[in-house]
Each structure stands twice: as C-alpha cells, then as structure tokens.
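The data block below is upload04.cif; it holds mmCIF, C-alpha atoms.
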data_input
loop_
_atom_site.group_PDB
_atom_site.id
_atom_site.type_symbol
_atom_site.label_atom_id
_atom_site.label_comp_id
_atom_site.auth_asym_id
_atom_site.auth_seq_id
_atom_site.Cartn_x
_atom_site.Cartn_y
_atom_site.Cartn_z
ATOM 1 C CA MET A 1 8.751 -12.735 42.098
ATOM 2 C CA THR A 2 10.291 -13.405 38.734
ATOM 3 C CA GLU A 3 9.119 -11.568 35.701
ATOM 4 C CA THR A 4 8.008 -13.712 32.774
ATOM 5 C CA LYS A 5 8.322 -12.544 29.238
ATOM 6 C CA ILE A 6 5.356 -13.056 26.972
ATOM 7 C CA LYS A 7 6.224 -14.165 23.465
ATOM 8 C CA THR A 8 4.120 -12.569 20.776
ATOM 9 C CA LYS A 9 3.506 -13.932 17.306
ATOM 10 C CA THR A 10 3.762 -10.559 15.564
ATOM 11 C CA LYS A 11 6.016 -10.464 12.545
ATOM 12 C CA THR A 12 8.396 -7.603 11.914
ATOM 13 C CA LYS A 13 8.283 -5.538 8.762
ATOM 14 C CA GLN A 14 11.234 -7.358 7.211
ATOM 15 C CA ASP A 15 9.681 -10.753 7.972
ATOM 16 C CA VAL A 16 6.482 -9.851 6.142
ATOM 17 C CA ILE A 17 8.347 -8.518 3.103
ATOM 18 C CA HIS A 18 10.685 -11.524 3.018
ATOM 19 C CA SER A 19 7.842 -14.031 3.348
ATOM 20 C CA ALA A 20 5.918 -12.360 0.525
ATOM 21 C CA LEU A 21 8.997 -12.313 -1.713
ATOM 22 C CA VAL A 22 9.761 -15.996 -1.077
ATOM 23 C CA TRP A 23 6.114 -16.871 -1.803
ATOM 24 C CA PHE A 24 6.166 -14.867 -5.059
ATOM 25 C CA LEU A 25 9.416 -16.420 -6.298
ATOM 26 C CA ALA A 26 8.220 -19.926 -5.383
ATOM 27 C CA SER A 27 4.981 -19.336 -7.290
ATOM 28 C CA GLU A 28 6.948 -18.207 -10.343
ATOM 29 C CA ARG A 29 8.956 -21.451 -10.533
ATOM 30 C CA ARG A 30 7.963 -23.614 -13.477
ATOM 31 C CA GLY A 31 8.791 -26.953 -11.882
ATOM 32 C CA THR A 32 9.191 -28.789 -15.198
ATOM 33 C CA HIS A 33 12.332 -30.712 -14.204
ATOM 34 C CA SER A 34 12.096 -34.460 -14.671
ATOM 35 C CA THR A 35 14.167 -37.631 -14.584
ATOM 36 C CA LYS A 36 13.292 -41.198 -15.536
ATOM 37 C CA THR A 37 12.909 -43.951 -12.991
ATOM 38 C CA ARG A 38 13.842 -47.582 -13.672
ATOM 39 C CA ALA A 39 10.294 -48.154 -14.940
ATOM 40 C CA GLU A 40 10.507 -45.302 -17.477
ATOM 41 C CA VAL A 41 13.970 -45.998 -18.957
ATOM 42 C CA SER A 42 13.806 -47.940 -22.200
ATOM 43 C CA GLY A 43 15.021 -51.531 -22.171
ATOM 44 C CA GLY A 44 15.543 -53.910 -19.298
ATOM 45 C CA GLY A 45 12.708 -56.334 -19.952
ATOM 46 C CA LYS A 46 14.850 -59.489 -19.761
ATOM 47 C CA LYS A 47 16.748 -60.808 -16.763
ATOM 48 C CA PRO A 48 20.465 -60.326 -17.653
ATOM 49 C CA TRP A 49 21.575 -63.738 -16.353
ATOM 50 C CA LYS A 50 20.088 -66.571 -14.343
ATOM 51 C CA GLN A 51 19.616 -66.161 -10.612
ATOM 52 C CA LYS A 52 21.979 -68.886 -9.396
ATOM 53 C CA GLY A 53 25.114 -70.667 -10.477
ATOM 54 C CA THR A 54 26.999 -67.908 -12.274
ATOM 55 C CA GLY A 55 28.926 -66.590 -9.288
ATOM 56 C CA ARG A 56 27.766 -63.074 -10.069
ATOM 57 C CA ALA A 57 25.441 -60.910 -8.017
ATOM 58 C CA ARG A 58 21.767 -61.468 -8.706
ATOM 59 C CA ALA A 59 20.255 -59.014 -11.206
ATOM 60 C CA GLY A 60 16.705 -58.672 -12.454
ATOM 61 C CA SER A 61 17.091 -55.799 -14.904
ATOM 62 C CA ASN A 62 19.864 -53.989 -16.692
ATOM 63 C CA ARG A 63 17.995 -50.697 -16.053
ATOM 64 C CA SER A 64 18.489 -50.857 -12.293
ATOM 65 C CA PRO A 65 19.712 -47.543 -10.832
ATOM 66 C CA LEU A 66 22.971 -49.292 -9.948
ATOM 67 C CA TRP A 67 23.700 -49.960 -13.606
ATOM 68 C CA ARG A 68 24.972 -47.725 -16.365
ATOM 69 C CA LYS A 69 22.006 -46.361 -18.407
ATOM 70 C CA GLY A 70 19.768 -47.271 -15.468
ATOM 71 C CA GLY A 71 17.011 -45.165 -13.934
ATOM 72 C CA VAL A 72 17.423 -42.425 -11.350
ATOM 73 C CA ILE A 73 16.525 -43.060 -7.717
ATOM 74 C CA PHE A 74 14.231 -40.388 -6.220
ATOM 75 C CA GLY A 75 15.026 -37.934 -9.000
ATOM 76 C CA PRO A 76 13.045 -34.738 -9.537
ATOM 77 C CA LYS A 77 9.566 -34.968 -11.030
ATOM 78 C CA PRO A 78 7.380 -32.124 -12.322
ATOM 79 C CA ARG A 79 5.614 -30.362 -9.466
ATOM 80 C CA ASP A 80 4.130 -27.045 -8.414
ATOM 81 C CA TYR A 81 6.256 -25.065 -5.957
ATOM 82 C CA GLY A 82 3.499 -22.552 -5.215
ATOM 83 C CA TYR A 83 1.744 -22.411 -1.876
ATOM 84 C CA SER A 84 -1.012 -20.300 -0.397
ATOM 85 C CA PHE A 85 -0.121 -16.989 1.205
ATOM 86 C CA PRO A 86 -2.722 -14.728 2.850
ATOM 87 C CA LYS A 87 -3.967 -11.902 0.627
ATOM 88 C CA LYS A 88 -3.803 -9.398 3.485
ATOM 89 C CA MET A 89 -0.143 -10.273 4.060
ATOM 90 C CA ARG A 90 0.595 -9.754 0.347
ATOM 91 C CA LYS A 91 -1.012 -6.315 0.423
ATOM 92 C CA LEU A 92 0.774 -5.447 3.659
ATOM 93 C CA ALA A 93 4.154 -6.438 2.178
ATOM 94 C CA ILE A 94 3.592 -4.246 -0.897
ATOM 95 C CA LYS A 95 2.486 -1.393 1.359
ATOM 96 C CA LEU A 96 5.569 -1.707 3.593
ATOM 97 C CA ALA A 97 7.951 -1.921 0.620
ATOM 98 C CA ALA A 98 6.309 1.103 -1.020
ATOM 99 C CA GLN A 99 6.529 3.057 2.244
ATOM 100 C CA ASP A 100 10.268 2.270 2.364
ATOM 101 C CA LYS A 101 10.621 3.717 -1.157
ATOM 102 C CA GLN A 102 8.681 6.780 -0.019
ATOM 103 C CA LYS A 103 11.027 7.273 2.963
ATOM 104 C CA GLU A 104 13.991 7.065 0.576
ATOM 105 C CA GLU A 105 12.216 9.621 -1.665
ATOM 106 C CA LYS A 106 12.271 7.187 -4.586
ATOM 107 C CA ILE A 107 8.613 7.694 -5.573
ATOM 108 C CA LYS A 108 7.646 10.301 -8.147
ATOM 109 C CA ILE A 109 3.983 11.288 -8.520
ATOM 110 C CA VAL A 110 2.948 12.886 -11.823
ATOM 111 C CA ASP A 111 -0.333 14.562 -12.747
ATOM 112 C CA THR A 112 -0.794 12.528 -15.910
ATOM 113 C CA PHE A 113 1.070 10.559 -18.548
ATOM 114 C CA GLY A 114 -1.156 12.039 -21.252
ATOM 115 C CA GLY A 115 1.393 14.564 -22.553
ATOM 116 C CA VAL A 116 3.638 11.869 -24.031
ATOM 117 C CA SER A 117 3.069 10.608 -27.561
ATOM 118 C CA GLY A 118 3.669 6.972 -28.555
ATOM 119 C CA LYS A 119 7.332 7.626 -29.375
ATOM 120 C CA THR A 120 10.115 6.103 -27.278
ATOM 121 C CA LYS A 121 12.260 9.247 -27.498
ATOM 122 C CA ASP A 122 9.430 11.229 -25.866
ATOM 123 C CA ALA A 123 9.284 8.716 -23.006
ATOM 124 C CA VAL A 124 13.081 8.916 -22.569
ATOM 125 C CA LYS A 125 12.806 12.715 -22.374
ATOM 126 C CA PHE A 126 9.930 12.404 -19.885
ATOM 127 C CA PHE A 127 12.000 10.194 -17.541
ATOM 128 C CA LYS A 128 15.057 12.437 -17.942
ATOM 129 C CA ASP A 129 13.023 15.548 -17.056
ATOM 130 C CA LEU A 130 11.550 13.706 -14.070
ATOM 131 C CA GLY A 131 15.062 12.846 -12.848
ATOM 132 C CA VAL A 132 14.701 9.065 -12.775
ATOM 133 C CA SER A 133 16.997 6.485 -14.324
ATOM 134 C CA GLY A 134 17.886 2.821 -13.954
ATOM 135 C CA LYS A 135 15.130 0.422 -12.969
ATOM 136 C CA VAL A 136 11.817 2.281 -13.032
ATOM 137 C CA LEU A 137 8.413 0.858 -12.131
ATOM 138 C CA VAL A 138 5.575 2.822 -13.745
ATOM 139 C CA VAL A 139 2.243 2.265 -12.026
ATOM 140 C CA THR A 140 -0.908 3.068 -14.014
ATOM 141 C CA GLN A 141 -4.639 2.782 -13.401
ATOM 142 C CA LYS A 142 -5.497 0.963 -16.615
ATOM 143 C CA LYS A 143 -3.611 -0.992 -19.261
ATOM 144 C CA GLY A 144 -2.916 0.042 -22.828
ATOM 145 C CA GLU A 145 -2.129 3.697 -22.439
ATOM 146 C CA ILE A 146 -0.087 5.458 -25.122
ATOM 147 C CA PHE A 147 2.652 6.176 -22.580
ATOM 148 C CA GLU A 148 3.097 2.454 -21.962
ATOM 149 C CA ARG A 149 3.627 1.857 -25.672
ATOM 150 C CA ALA A 150 6.221 4.643 -25.701
ATOM 151 C CA GLY A 151 8.157 3.470 -22.651
ATOM 152 C CA ARG A 152 8.073 -0.322 -22.752
ATOM 153 C CA ASN A 153 11.041 -0.408 -25.130
ATOM 154 C CA ILE A 154 13.327 1.399 -22.671
ATOM 155 C CA GLU A 155 15.730 -0.837 -20.780
ATOM 156 C CA GLY A 156 14.943 -1.057 -17.073
ATOM 157 C CA VAL A 157 11.422 0.387 -17.364
ATOM 158 C CA CYS A 158 8.575 -1.882 -16.225
ATOM 159 C CA PHE A 159 4.872 -1.066 -16.463
ATOM 160 C CA THR A 160 2.186 -2.450 -14.172
ATOM 161 C CA GLN A 161 -1.360 -1.695 -13.157
ATOM 162 C CA ILE A 162 -2.084 -0.881 -9.541
ATOM 163 C CA LYS A 163 -4.195 -4.032 -9.139
ATOM 164 C CA GLU A 164 -1.437 -6.259 -10.609
ATOM 165 C CA MET A 165 1.496 -4.772 -8.691
ATOM 166 C CA ASN A 166 3.581 -7.406 -6.894
ATOM 167 C CA ILE A 167 6.256 -7.380 -4.226
ATOM 168 C CA PHE A 168 9.067 -8.385 -6.587
ATOM 169 C CA GLU A 169 8.481 -5.417 -8.903
ATOM 170 C CA VAL A 170 8.400 -2.974 -5.992
ATOM 171 C CA LEU A 171 11.606 -4.295 -4.432
ATOM 172 C CA ASN A 172 13.410 -4.621 -7.772
ATOM 173 C CA ALA A 173 12.693 -1.042 -8.870
ATOM 174 C CA GLU A 174 14.996 1.835 -8.002
ATOM 175 C CA TRP A 175 12.239 4.362 -8.737
ATOM 176 C CA ILE A 176 8.446 4.190 -8.742
ATOM 177 C CA VAL A 177 6.573 6.608 -11.005
ATOM 178 C CA ALA A 178 2.810 6.815 -10.613
ATOM 179 C CA GLU A 179 -0.137 8.989 -11.555
ATOM 180 C CA LYS A 180 -1.693 11.142 -8.867
ATOM 181 C CA GLY A 181 -4.209 9.099 -6.864
ATOM 182 C CA THR A 182 -2.854 5.720 -7.963
ATOM 183 C CA LEU A 183 -0.720 4.831 -4.937
ATOM 184 C CA GLU A 184 -2.858 6.458 -2.244
ATOM 185 C CA GLU A 185 -4.425 3.225 -0.985
ATOM 186 C CA VAL A 186 -1.071 1.417 -1.095
ATOM 187 C CA LEU A 187 0.766 4.103 0.861
ATOM 188 C CA ALA A 188 -2.081 4.845 3.319
#

For this file, write the structure as structure tokens.
Amino acid sequence: MTETKIKTKTKTKQDVIHSALVWFLASERRGTHSTKTRAEVSGGGKKPWKQKGTGRARAGSNRSPLWRKGGVIFGPKPRDYGYSFPKKMRKLAIKLAAQDKQKEEKIKIVDTFGGVSGKTKDAVKFFKDLGVSGKVLVVTQKKGEIFERAGRNIEGVCFTQIKEMNIFEVLNAEWIVAEKGTLEEVLA
C-alpha cells in the first residue's frame, strides 16, 4: 500500500504575519493616481481631415491615444486598494509578532508612566533609564496621557493605544514599552 499525504490548509506563523502586513499596507494606499482618456483630454472635437481621398490614414480625432497630446489607453484611475481581511487573523498576526518581540526580549513592561512630567527631556531620561533606543512603540490604555505629550516629539518614538495597535507598528518597532496589564491579552 502506498501512503498518501494529506494537505492541510493551515498557515504558518510567517504567512499570517505577512498576509496581515500586506493587507495593512494595501489599505493605507491612497489610490489617487489618475490619467485622462481620449474622452477627457481637451480638444479633438473636429475630424482632422476627410475620410477618403487624401492618401493619409483615416483619423477621427486628434486626441486619439496614437497622437501627440492624445489620451492614455487603460491608464490608472482612482481606486481603493483595500480589501477585507478577517479580524481574527489580524489579532493573531499582532499576537504572533508581539510574541516574537517577547522572545527577543524587546518588550519592556513598566508599572506606570505617571512619574514623567510633560517635558520632552524627562521622557528622554525615562527611555534612557529603561535602556531602550531607536524605534520605540509605546502602548497605552487610553489616549492623551501627559507622558504621550512628553514623548511624541522624540524621533523614533510612536504612541498607540492597545485597541488601535496594528501589525505595521509592531513589526517596525525595535522596542515595545507598555504599562503593566496592557499587553496581557495580546501576549496570552
């Protein structure tokens, strides 16, 4: 008897993360590119020369795509590049990417951000004492904290709420700094 292999439709960890990243970047595209077709280019209302007897090729408009100053054939038009992606897959991708950061020991959990005033130099000192530098993703519970005002002016520091966290921010960050209890459901 020969043994048959059963193909499964399970995706690997990298597939899920890649699919979520491609979906996010496609959704972020503006899609405002546009060209004019022969109908939209100005001019061309009159037939350039009569149909027969001139010895030239027949022409109905001087805005034909074959002509100089003519329209564009099948050029880009404004459109939406976004597509639907399952919410559970999005959450799974963020979870897997965050778990990778945790394995690399690139996640710092702090008790609270409350000790920092609204000054940027205090936020710089806070990050220096924590031992993080470069691209830092700070995850908070709610928006508008004083620490966010202090740190948003620092190059490479990005603030997000736990409910608004996306796959691009997680993958782009070298470090993730979060309050205690914020990332528990993501990392669980």

Which protein, DNA or RNA residues have an atom at most 12 Å from (3.9, -16.1, -6.2), counting all atoms listed in the file? List them as a list in words. Ser19, Ala20, Leu21, Val22, Trp23, Phe24, Leu25, Ala26, Ser27, Glu28, Arg29, Arg30, Asp80, Tyr81, Gly82, Tyr83, Ser84, Phe85, Pro86, Lys87, Arg90, Met165, Asn166, Ile167, Phe168 and Glu169 of chain A

Tell me which residues the PyMOL selection byres ((chain A and resi 54-61) around 12) grabs here, as JSON, numbers by chain. {"A": [38, 39, 41, 42, 43, 44, 45, 46, 47, 48, 49, 50, 51, 52, 53, 62, 63, 64, 65, 66, 67, 68, 69, 70, 71]}

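Residue nearest Ile109 (chain A), chosen from A:Ile17, A:Glu155, A:Ala178, A:Leu96 and counting only C-alpha atoms: A:Ala178.
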
From (-3.7, -4.7, -14.9), in the file's coordinates, out to 10 Å: which residues are reached, counting all atoms listed in the file? Answer as a PyMOL selection string. chain A and resi 139-144+159-165

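Straight-line separation from CA of Ala188 (chain A) to CA of Lys13 (chain A): 15.6 Å.
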
When you draw a straight line from CA of Ile146 (chain A) to CA of Glu174 (chain A), how long is it in Å?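 So the answer is 23.1 Å.
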
Selection under test: the PyMOL selection byres ((chain A and resi 187) around 12); residues as number ranges by chain: A: 91-103, 107, 162, 178, 181-186, 188

Rounded to one decimal in Å, what is the spacing between CA of Gly134 (chain A) and CA of Arg149 (chain A)?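 It comes out at 18.5 Å.
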
Proximity to Val132 (chain A) - best of A:Trp175, A:Glu104, A:His18, A:Ile154, only C-alpha atoms: A:Trp175

How big is the axis-aligned box, and where does its centre sit, when it encloses all atoms of region 29-44 of chain A listed in the file and has 3 Å added on every side, reported in Å to one decimal as lines of an AutoDock Vina configuration file?
center_x = 11.8
center_y = -37.7
center_z = -16.4
size_x = 13.6
size_y = 38.5
size_z = 17.7

Apply the PyMOL selection byres ((chain A and resi 121-123) around 9) to the file shown and report the selected residues as a list in words.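 With the shown file as input, the PyMOL selection byres ((chain A and resi 121-123) around 9) matches Val116, Ser117, Gly118, Lys119, Thr120, Val124, Lys125, Phe126, Phe127, Lys128, Phe147, Glu148, Ala150, Gly151 and Ile154 of chain A.
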